[in-house]
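Chemist: What follows is data05.cif; its format and atoms are mmCIF, C-alpha atoms.
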data_run
loop_
_atom_site.group_PDB
_atom_site.id
_atom_site.type_symbol
_atom_site.label_atom_id
_atom_site.label_comp_id
_atom_site.auth_asym_id
_atom_site.auth_seq_id
_atom_site.Cartn_x
_atom_site.Cartn_y
_atom_site.Cartn_z
ATOM 1 C CA MET A 1 237.028 83.176 46.589
ATOM 2 C CA SER A 2 233.845 85.092 47.228
ATOM 3 C CA TYR A 3 231.228 83.803 49.705
ATOM 4 C CA ASN A 4 228.403 85.860 48.231
ATOM 5 C CA PRO A 5 225.288 83.938 49.356
ATOM 6 C CA ARG A 6 223.471 84.738 46.101
ATOM 7 C CA LYS A 7 226.366 83.308 44.137
ATOM 8 C CA ILE A 8 226.416 80.170 46.300
ATOM 9 C CA ARG A 9 222.661 79.690 45.841
ATOM 10 C CA LEU A 10 223.027 80.080 42.088
ATOM 11 C CA LEU A 11 225.853 77.548 41.875
ATOM 12 C CA MET A 12 223.824 75.050 43.891
ATOM 13 C CA ALA A 13 220.826 75.635 41.607
ATOM 14 C CA LEU A 14 222.975 75.116 38.495
ATOM 15 C CA ARG A 15 224.315 71.859 39.876
ATOM 16 C CA GLY A 16 220.788 70.698 40.644
ATOM 17 C CA ALA A 17 219.659 71.596 37.127
ATOM 18 C CA GLY A 18 222.333 69.544 35.400
ATOM 19 C CA VAL A 19 225.578 71.551 35.344
ATOM 20 C CA THR A 20 227.633 68.831 36.972
ATOM 21 C CA ASP A 21 231.086 69.572 35.511
ATOM 22 C CA THR A 22 232.999 70.984 38.463
ATOM 23 C CA LYS A 23 235.399 72.900 36.182
ATOM 24 C CA VAL A 24 232.479 74.680 34.513
ATOM 25 C CA LEU A 25 230.953 75.549 37.890
ATOM 26 C CA ALA A 26 234.331 76.850 39.099
ATOM 27 C CA ALA A 27 234.660 79.045 35.993
ATOM 28 C CA ILE A 28 231.195 80.523 36.580
ATOM 29 C CA GLU A 29 232.106 81.144 40.211
ATOM 30 C CA ARG A 30 235.305 82.954 39.254
ATOM 31 C CA ILE A 31 233.798 85.337 36.692
ATOM 32 C CA PRO A 32 232.046 88.306 38.374
ATOM 33 C CA ARG A 33 228.744 88.399 36.463
ATOM 34 C CA GLU A 34 227.894 91.735 38.074
ATOM 35 C CA LEU A 35 230.556 93.378 35.876
ATOM 36 C CA PHE A 36 228.723 92.247 32.735
ATOM 37 C CA VAL A 37 225.220 93.551 33.465
ATOM 38 C CA PRO A 38 223.935 97.159 33.375
ATOM 39 C CA GLU A 39 223.986 99.072 36.643
ATOM 40 C CA ALA A 40 220.189 98.937 36.904
ATOM 41 C CA PHE A 41 220.362 95.134 37.162
ATOM 42 C CA GLN A 42 223.332 94.808 39.539
ATOM 43 C CA ASP A 43 221.152 93.364 42.286
ATOM 44 C CA ARG A 44 220.008 90.602 39.918
ATOM 45 C CA ALA A 45 223.444 89.641 38.596
ATOM 46 C CA TRP A 46 223.493 86.325 40.457
ATOM 47 C CA GLU A 47 219.927 85.326 39.679
ATOM 48 C CA ASP A 48 219.406 82.481 37.225
ATOM 49 C CA ALA A 49 217.848 84.799 34.665
ATOM 50 C CA ALA A 50 218.670 86.349 31.308
ATOM 51 C CA LEU A 51 219.018 90.115 31.666
ATOM 52 C CA PRO A 52 218.840 92.940 29.112
ATOM 53 C CA ILE A 53 222.036 94.670 28.019
ATOM 54 C CA GLU A 54 222.571 97.427 25.485
ATOM 55 C CA LEU A 55 221.186 97.562 21.927
ATOM 56 C CA GLY A 56 218.320 95.174 22.561
ATOM 57 C CA GLN A 57 220.600 92.221 23.384
ATOM 58 C CA THR A 58 220.716 90.017 26.492
ATOM 59 C CA ILE A 59 223.201 88.346 28.788
ATOM 60 C CA SER A 60 222.226 84.695 28.852
ATOM 61 C CA GLN A 61 220.705 82.901 31.809
ATOM 62 C CA PRO A 62 223.529 81.317 33.869
ATOM 63 C CA LEU A 63 221.942 77.873 33.471
ATOM 64 C CA VAL A 64 222.143 78.203 29.686
ATOM 65 C CA VAL A 65 225.763 79.407 29.923
ATOM 66 C CA GLY A 66 226.615 76.458 32.169
ATOM 67 C CA LEU A 67 224.874 73.814 30.074
ATOM 68 C CA MET A 68 226.223 75.078 26.736
ATOM 69 C CA THR A 69 229.746 75.374 28.135
ATOM 70 C CA GLN A 70 229.496 71.873 29.565
ATOM 71 C CA ALA A 71 228.219 70.526 26.220
ATOM 72 C CA LEU A 72 231.428 71.733 24.533
ATOM 73 C CA GLU A 73 233.533 69.239 26.569
ATOM 74 C CA LEU A 74 236.402 71.705 26.790
ATOM 75 C CA HIS A 75 240.073 70.917 27.316
ATOM 76 C CA PRO A 76 242.758 73.396 28.434
ATOM 77 C CA ARG A 77 244.535 73.084 25.058
ATOM 78 C CA HIS A 78 241.503 73.914 22.921
ATOM 79 C CA LEU A 79 241.146 76.900 20.608
ATOM 80 C CA VAL A 80 237.510 78.024 20.794
ATOM 81 C CA LEU A 81 235.520 80.198 18.398
ATOM 82 C CA GLU A 82 232.565 82.064 19.903
ATOM 83 C CA ILE A 83 229.970 83.728 17.708
ATOM 84 C CA GLY A 84 228.161 86.585 19.464
ATOM 85 C CA THR A 85 230.349 88.274 22.079
ATOM 86 C CA GLY A 86 227.499 90.321 23.567
ATOM 87 C CA SER A 87 228.438 91.446 27.062
ATOM 88 C CA GLY A 88 231.531 89.225 26.975
ATOM 89 C CA TYR A 89 230.339 87.057 29.869
ATOM 90 C CA GLN A 90 230.278 83.749 27.992
ATOM 91 C CA ALA A 91 233.714 84.397 26.486
ATOM 92 C CA ALA A 92 235.095 85.173 29.947
ATOM 93 C CA VAL A 93 233.751 81.864 31.284
ATOM 94 C CA LEU A 94 235.227 79.998 28.301
ATOM 95 C CA SER A 95 238.597 81.674 28.849
ATOM 96 C CA ARG A 96 238.960 79.863 32.184
ATOM 97 C CA LEU A 97 238.579 76.478 30.479
ATOM 98 C CA CYS A 98 240.587 76.595 27.239
ATOM 99 C CA ARG A 99 243.800 77.928 25.703
ATOM 100 C CA ARG A 100 242.330 80.809 23.690
ATOM 101 C CA VAL A 101 238.929 82.209 22.763
ATOM 102 C CA PHE A 102 238.323 83.935 19.432
ATOM 103 C CA THR A 103 235.059 85.870 19.664
ATOM 104 C CA ILE A 104 233.130 87.798 17.000
ATOM 105 C CA GLU A 105 230.503 90.489 17.565
ATOM 106 C CA ARG A 106 228.578 92.487 14.928
ATOM 107 C CA LEU A 107 227.694 95.448 17.174
ATOM 108 C CA LYS A 108 230.671 97.737 17.747
ATOM 109 C CA PRO A 109 229.519 99.339 21.043
ATOM 110 C CA LEU A 110 228.960 95.923 22.620
ATOM 111 C CA LEU A 111 232.354 94.673 21.480
ATOM 112 C CA ARG A 112 234.189 97.714 22.827
ATOM 113 C CA GLU A 113 232.503 97.364 26.216
ATOM 114 C CA ALA A 114 233.305 93.649 26.328
ATOM 115 C CA GLU A 115 236.955 94.372 25.505
ATOM 116 C CA ALA A 116 237.104 96.873 28.359
ATOM 117 C CA ARG A 117 235.725 94.245 30.748
ATOM 118 C CA PHE A 118 238.295 91.664 29.633
ATOM 119 C CA GLN A 119 241.054 94.203 30.210
ATOM 120 C CA ALA A 120 239.710 95.154 33.636
ATOM 121 C CA LEU A 121 239.644 91.485 34.642
ATOM 122 C CA GLY A 122 243.153 90.850 33.318
ATOM 123 C CA ILE A 123 241.942 88.268 30.783
ATOM 124 C CA HIS A 124 244.505 88.133 27.967
ATOM 125 C CA THR A 125 243.472 84.901 26.238
ATOM 126 C CA ILE A 126 240.485 86.367 24.364
ATOM 127 C CA THR A 127 240.938 87.732 20.839
ATOM 128 C CA THR A 128 238.063 89.815 19.476
ATOM 129 C CA ARG A 129 236.790 90.682 16.010
ATOM 130 C CA LEU A 130 234.062 93.035 14.778
ATOM 131 C CA GLY A 131 232.060 91.523 11.938
ATOM 132 C CA ASP A 132 229.772 88.848 10.571
ATOM 133 C CA GLY A 133 229.913 85.826 12.828
ATOM 134 C CA THR A 134 228.224 83.523 10.318
ATOM 135 C CA ARG A 135 231.442 83.615 8.282
ATOM 136 C CA GLY A 136 233.554 82.472 11.202
ATOM 137 C CA TRP A 137 237.259 83.286 11.446
ATOM 138 C CA PRO A 138 238.930 81.379 8.591
ATOM 139 C CA GLU A 139 242.404 82.749 9.302
ATOM 140 C CA GLN A 140 242.419 80.996 12.695
ATOM 141 C CA ALA A 141 240.589 77.804 11.657
ATOM 142 C CA PRO A 142 240.254 74.955 12.294
ATOM 143 C CA PHE A 143 238.785 75.217 15.773
ATOM 144 C CA ALA A 144 238.504 72.406 18.296
ATOM 145 C CA ARG A 145 235.291 73.947 19.627
ATOM 146 C CA ILE A 146 232.744 76.429 18.274
ATOM 147 C CA LEU A 147 229.997 78.014 20.387
ATOM 148 C CA VAL A 148 227.240 80.109 18.839
ATOM 149 C CA THR A 149 225.253 82.253 21.258
ATOM 150 C CA ALA A 150 222.519 83.351 18.846
ATOM 151 C CA ALA A 151 219.927 81.218 17.103
ATOM 152 C CA GLY A 152 220.575 80.072 13.558
ATOM 153 C CA GLY A 153 217.871 78.865 11.201
ATOM 154 C CA PRO A 154 217.077 75.199 10.598
ATOM 155 C CA GLU A 155 220.729 74.451 9.726
ATOM 156 C CA ALA A 156 224.100 75.605 11.032
ATOM 157 C CA PRO A 157 225.992 78.063 8.769
ATOM 158 C CA LYS A 158 228.249 76.069 6.463
ATOM 159 C CA ASP A 159 231.163 78.471 6.945
ATOM 160 C CA LEU A 160 231.131 77.568 10.641
ATOM 161 C CA THR A 161 230.860 73.800 10.267
ATOM 162 C CA ASP A 162 233.651 73.947 7.655
ATOM 163 C CA GLN A 163 235.909 75.569 10.272
ATOM 164 C CA LEU A 164 235.367 72.794 12.816
ATOM 165 C CA ALA A 165 238.377 70.506 13.220
ATOM 166 C CA VAL A 166 238.147 66.734 12.913
ATOM 167 C CA GLY A 167 237.293 65.565 16.420
ATOM 168 C CA GLY A 168 235.771 68.976 17.107
ATOM 169 C CA VAL A 169 232.455 69.948 18.702
ATOM 170 C CA MET A 170 230.105 72.803 17.836
ATOM 171 C CA VAL A 171 227.174 73.873 20.019
ATOM 172 C CA ILE A 172 224.530 76.129 18.456
ATOM 173 C CA PRO A 173 220.848 76.976 18.972
ATOM 174 C CA LEU A 174 218.880 76.103 15.816
ATOM 175 C CA GLY A 175 215.267 76.454 14.785
ATOM 176 C CA SER A 176 213.132 77.821 11.981
ATOM 177 C CA ASP A 177 211.001 79.713 14.528
ATOM 178 C CA HIS A 178 211.931 81.465 17.807
ATOM 179 C CA ARG A 179 209.293 79.319 19.548
ATOM 180 C CA ASP A 180 210.933 76.121 18.331
ATOM 181 C CA GLN A 181 214.659 76.454 19.050
ATOM 182 C CA LYS A 182 216.895 73.669 20.328
ATOM 183 C CA VAL A 183 220.503 73.625 21.368
ATOM 184 C CA VAL A 184 222.240 71.293 18.934
ATOM 185 C CA ARG A 185 225.659 69.663 19.238
ATOM 186 C CA PHE A 186 227.612 68.743 16.128
ATOM 187 C CA ARG A 187 230.654 66.498 16.158
ATOM 188 C CA ARG A 188 233.033 66.274 13.209
ATOM 189 C CA SER A 189 234.675 62.959 12.431
ATOM 190 C CA GLU A 190 236.610 61.810 9.367
ATOM 191 C CA ALA A 191 233.244 60.595 8.022
ATOM 192 C CA GLY A 192 231.546 63.983 8.416
ATOM 193 C CA LEU A 193 229.172 65.709 10.838
ATOM 194 C CA SER A 194 226.867 64.051 13.343
ATOM 195 C CA ARG A 195 224.016 65.963 14.983
ATOM 196 C CA GLU A 196 222.557 65.660 18.474
ATOM 197 C CA ASP A 197 219.567 67.736 19.641
ATOM 198 C CA LEU A 198 220.008 68.611 23.318
ATOM 199 C CA TRP A 199 217.298 70.839 24.883
ATOM 200 C CA PRO A 200 214.851 73.641 23.991
ATOM 201 C CA VAL A 201 216.020 77.209 24.358
ATOM 202 C CA ARG A 202 215.240 80.749 23.203
ATOM 203 C CA PHE A 203 217.947 83.023 21.806
ATOM 204 C CA VAL A 204 218.101 86.237 19.812
ATOM 205 C CA PRO A 205 218.545 85.483 16.075
ATOM 206 C CA LEU A 206 221.928 84.973 14.436
ATOM 207 C CA LEU A 207 222.213 87.764 11.856
ATOM 208 C CA SER A 208 224.594 87.633 8.912
ATOM 209 C CA ASP A 209 224.605 91.245 7.680
ATOM 210 C CA PRO A 210 226.459 93.588 10.034
ATOM 211 C CA PRO A 211 224.651 96.869 10.720
ATOM 212 C CA GLN A 212 225.842 100.051 9.050
ATOM 213 C CA GLN A 213 227.805 101.186 12.101
ATOM 214 C CA VAL A 214 230.155 98.226 11.719
ATOM 215 C CA HIS A 215 231.470 99.718 8.465
ATOM 216 C CA SER A 216 232.436 102.999 10.089
ATOM 217 C CA ALA A 217 235.933 103.556 11.407
#
Render the structure in this file as structure tokens.

Modeler:
Amino acid sequence: MSYNPRKIRLLMALRGAGVTDTKVLAAIERIPRELFVPEAFQDRAWEDAALPIELGQTISQPLVVGLMTQALELHPRHLVLEIGTGSGYQAAVLSRLCRRVFTIERLKPLLREAEARFQALGIHTITTRLGDGTRGWPEQAPFARILVTAAGGPEAPKDLTDQLAVGGVMVIPLGSDHRDQKVVRFRRSEAGLSREDLWPVRFVPLLSDPPQQVHSA
């Protein structure tokens, strides 16, 4: 295990800010965040900050990754659907805590880079798909856990909530305005969905129409 002092400081800061699940902290410690950020930001990889990646996207702040992962209440047997692969960092963290991660990304260059990182790290429990994340992955549903890493509108996409198993949990940023987003946790019971607003956040928007490049071979 690495004794990078920046990493140790970050983990202590995450614990102090509310990431108290030791399994989540261990997963963050084990995933080398420096492999998921552009070379220009290598020296900031272990700061508690969101950083820009390609195509106008970001790699989330470690505190947000830790809190959202913790809110999922993961179990090693869970199948998890992630919407918004991005750099692949969140999926890599999830992969240390569940049985399999299914992750969808709408931007082909980002997905290919993320796949290369998973391969380099020897992570074989992540299955990727290029496409519209708002439609979910019906062929693999239902999912015990769903994590959305882009902001929906006022309501969660129905295709996603329909793919949540009974007893399942979905965590998603929601808000009608980028200045008024909250992380929301849904739980599905036999009676239906319950909603719990957790904390304010700011994410890039969840887009339903894939860009033109997705349709190319």

Chemist: Quick check, in Å to one decimal: how far apart do atom CA of A:Ala92 and atom CA of A:Glu115 lie?

Modeler: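 Interatomic distance, atom CA of A:Ala92 to atom CA of A:Glu115: 10.4 Å.
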
Chemist: Which protein, DNA or RNA residues are at most 12 Å from (233.1, 64.5, 10.9) in the file's coordinates when you count only C-alpha atoms, listed as a ChimeraX atom specification?

Modeler: /A:161-170,186-195

Chemist: Evaluated on this file, the PyMOL selection byres ((chain A and resi 198) around 8) picks out some residues - which ones are they, written as an MDAnalysis selection string?

Modeler: chainID A and resid 182:185 196:197 199:200

Chemist: Here is a test: counting only C-alpha atoms, which residue of A:Ala114, A:Leu51, A:Leu79, A:Leu74 is nearest to A:Arg129?

Modeler: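 Ranked by minimum distance to A:Arg129, first place goes to A:Ala114.
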
Chemist: Identify, on the basis of all atoms listed in the file, every residue whose closest approach to A:Glu54 does not exceed 10 Å; exclude the query and any residue fewer than 2 positions from it along the same chain; express the result as an MDAnalysis selection string.

Modeler: chainID A and resid 37:38 52 56:59 86:87 107 109:110 113

Chemist: Tell me, in Å to one decimal, how far atom CA of A:Ala17 is from atom CA of A:Leu72.

Modeler: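 Pair atom CA of A:Ala17 / atom CA of A:Leu72 returns 17.2 Å.
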
Chemist: Can you list, as an MDAnalysis selection string, the residues that the PyMOL selection byres ((chain A and resi 174) around 8) selects here?

Modeler: chainID A and resid 151:156 172:173 175:176 181:184

Chemist: Could you list, as a list in words, every residue matched by the PyMOL selection byres ((chain A and resi 117) around 12) in this structure?

Modeler: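 Taken on the displayed file, the PyMOL selection byres ((chain A and resi 117) around 12) yields the residues Ile31, Pro32, Arg33, Glu34, Leu35, Phe36, Val37, Thr85, Gly86, Ser87, Gly88, Tyr89, Ala91, Ala92, Leu110, Leu111, Arg112, Glu113, Ala114, Glu115, Ala116, Phe118, Gln119, Ala120, Leu121, Gly122, Ile123, His124 and Ile126 of chain A.
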
Chemist: As a ChimeraX atom specification, please: the residues near A:Ile104 (cut-off 10 Å, only C-alpha atoms, same-chain neighbours under 4 positions excluded).

Modeler: /A:81-86,111,127-137,148

Chemist: Skip A:Thr20 itself and residues of its chain fewer than 3 positions away, then list as an MDAnalysis selection string all residues within 12 Å of it, counting all atoms listed in the file.

Modeler: chainID A and resid 11:17 23:26 63 66:67 69:71 73

Chemist: Those residues with C-alpha atoms, as a JSON list (two decimals), keeping the file's coordinate frame please?

Modeler:
[["chain", "number", "residue", "atom", "x", "y", "z"],
["A", 11, "LEU", "CA", 225.85, 77.55, 41.88],
["A", 12, "MET", "CA", 223.82, 75.05, 43.89],
["A", 13, "ALA", "CA", 220.83, 75.64, 41.61],
["A", 14, "LEU", "CA", 222.98, 75.12, 38.49],
["A", 15, "ARG", "CA", 224.32, 71.86, 39.88],
["A", 16, "GLY", "CA", 220.79, 70.70, 40.64],
["A", 17, "ALA", "CA", 219.66, 71.60, 37.13],
["A", 23, "LYS", "CA", 235.40, 72.90, 36.18],
["A", 24, "VAL", "CA", 232.48, 74.68, 34.51],
["A", 25, "LEU", "CA", 230.95, 75.55, 37.89],
["A", 26, "ALA", "CA", 234.33, 76.85, 39.10],
["A", 63, "LEU", "CA", 221.94, 77.87, 33.47],
["A", 66, "GLY", "CA", 226.62, 76.46, 32.17],
["A", 67, "LEU", "CA", 224.87, 73.81, 30.07],
["A", 69, "THR", "CA", 229.75, 75.37, 28.14],
["A", 70, "GLN", "CA", 229.50, 71.87, 29.56],
["A", 71, "ALA", "CA", 228.22, 70.53, 26.22],
["A", 73, "GLU", "CA", 233.53, 69.24, 26.57]]

Chemist: Please measure the separation of atom CA of A:Arg100 and atom CA of A:Val65, giving the value in Å to one decimal.

Modeler: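 Atom CA of A:Arg100 sits 17.8 Å away from atom CA of A:Val65.
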
Chemist: Mind giving me the axis-aligned box for stretch 110-122 of chain A with 5 Å on every side, centre plus edges in Å to one decimal, as lines of an AutoDock Vina configuration file?

Modeler:
center_x = 236.1
center_y = 94.3
center_z = 28.1
size_x = 24.2
size_y = 16.9
size_z = 23.2

Chemist: Between A:Arg9, A:Val80, A:Glu29, A:Ala50, single out the one closest to A:Val204, counting all atoms listed in the file.

Modeler: A:Ala50
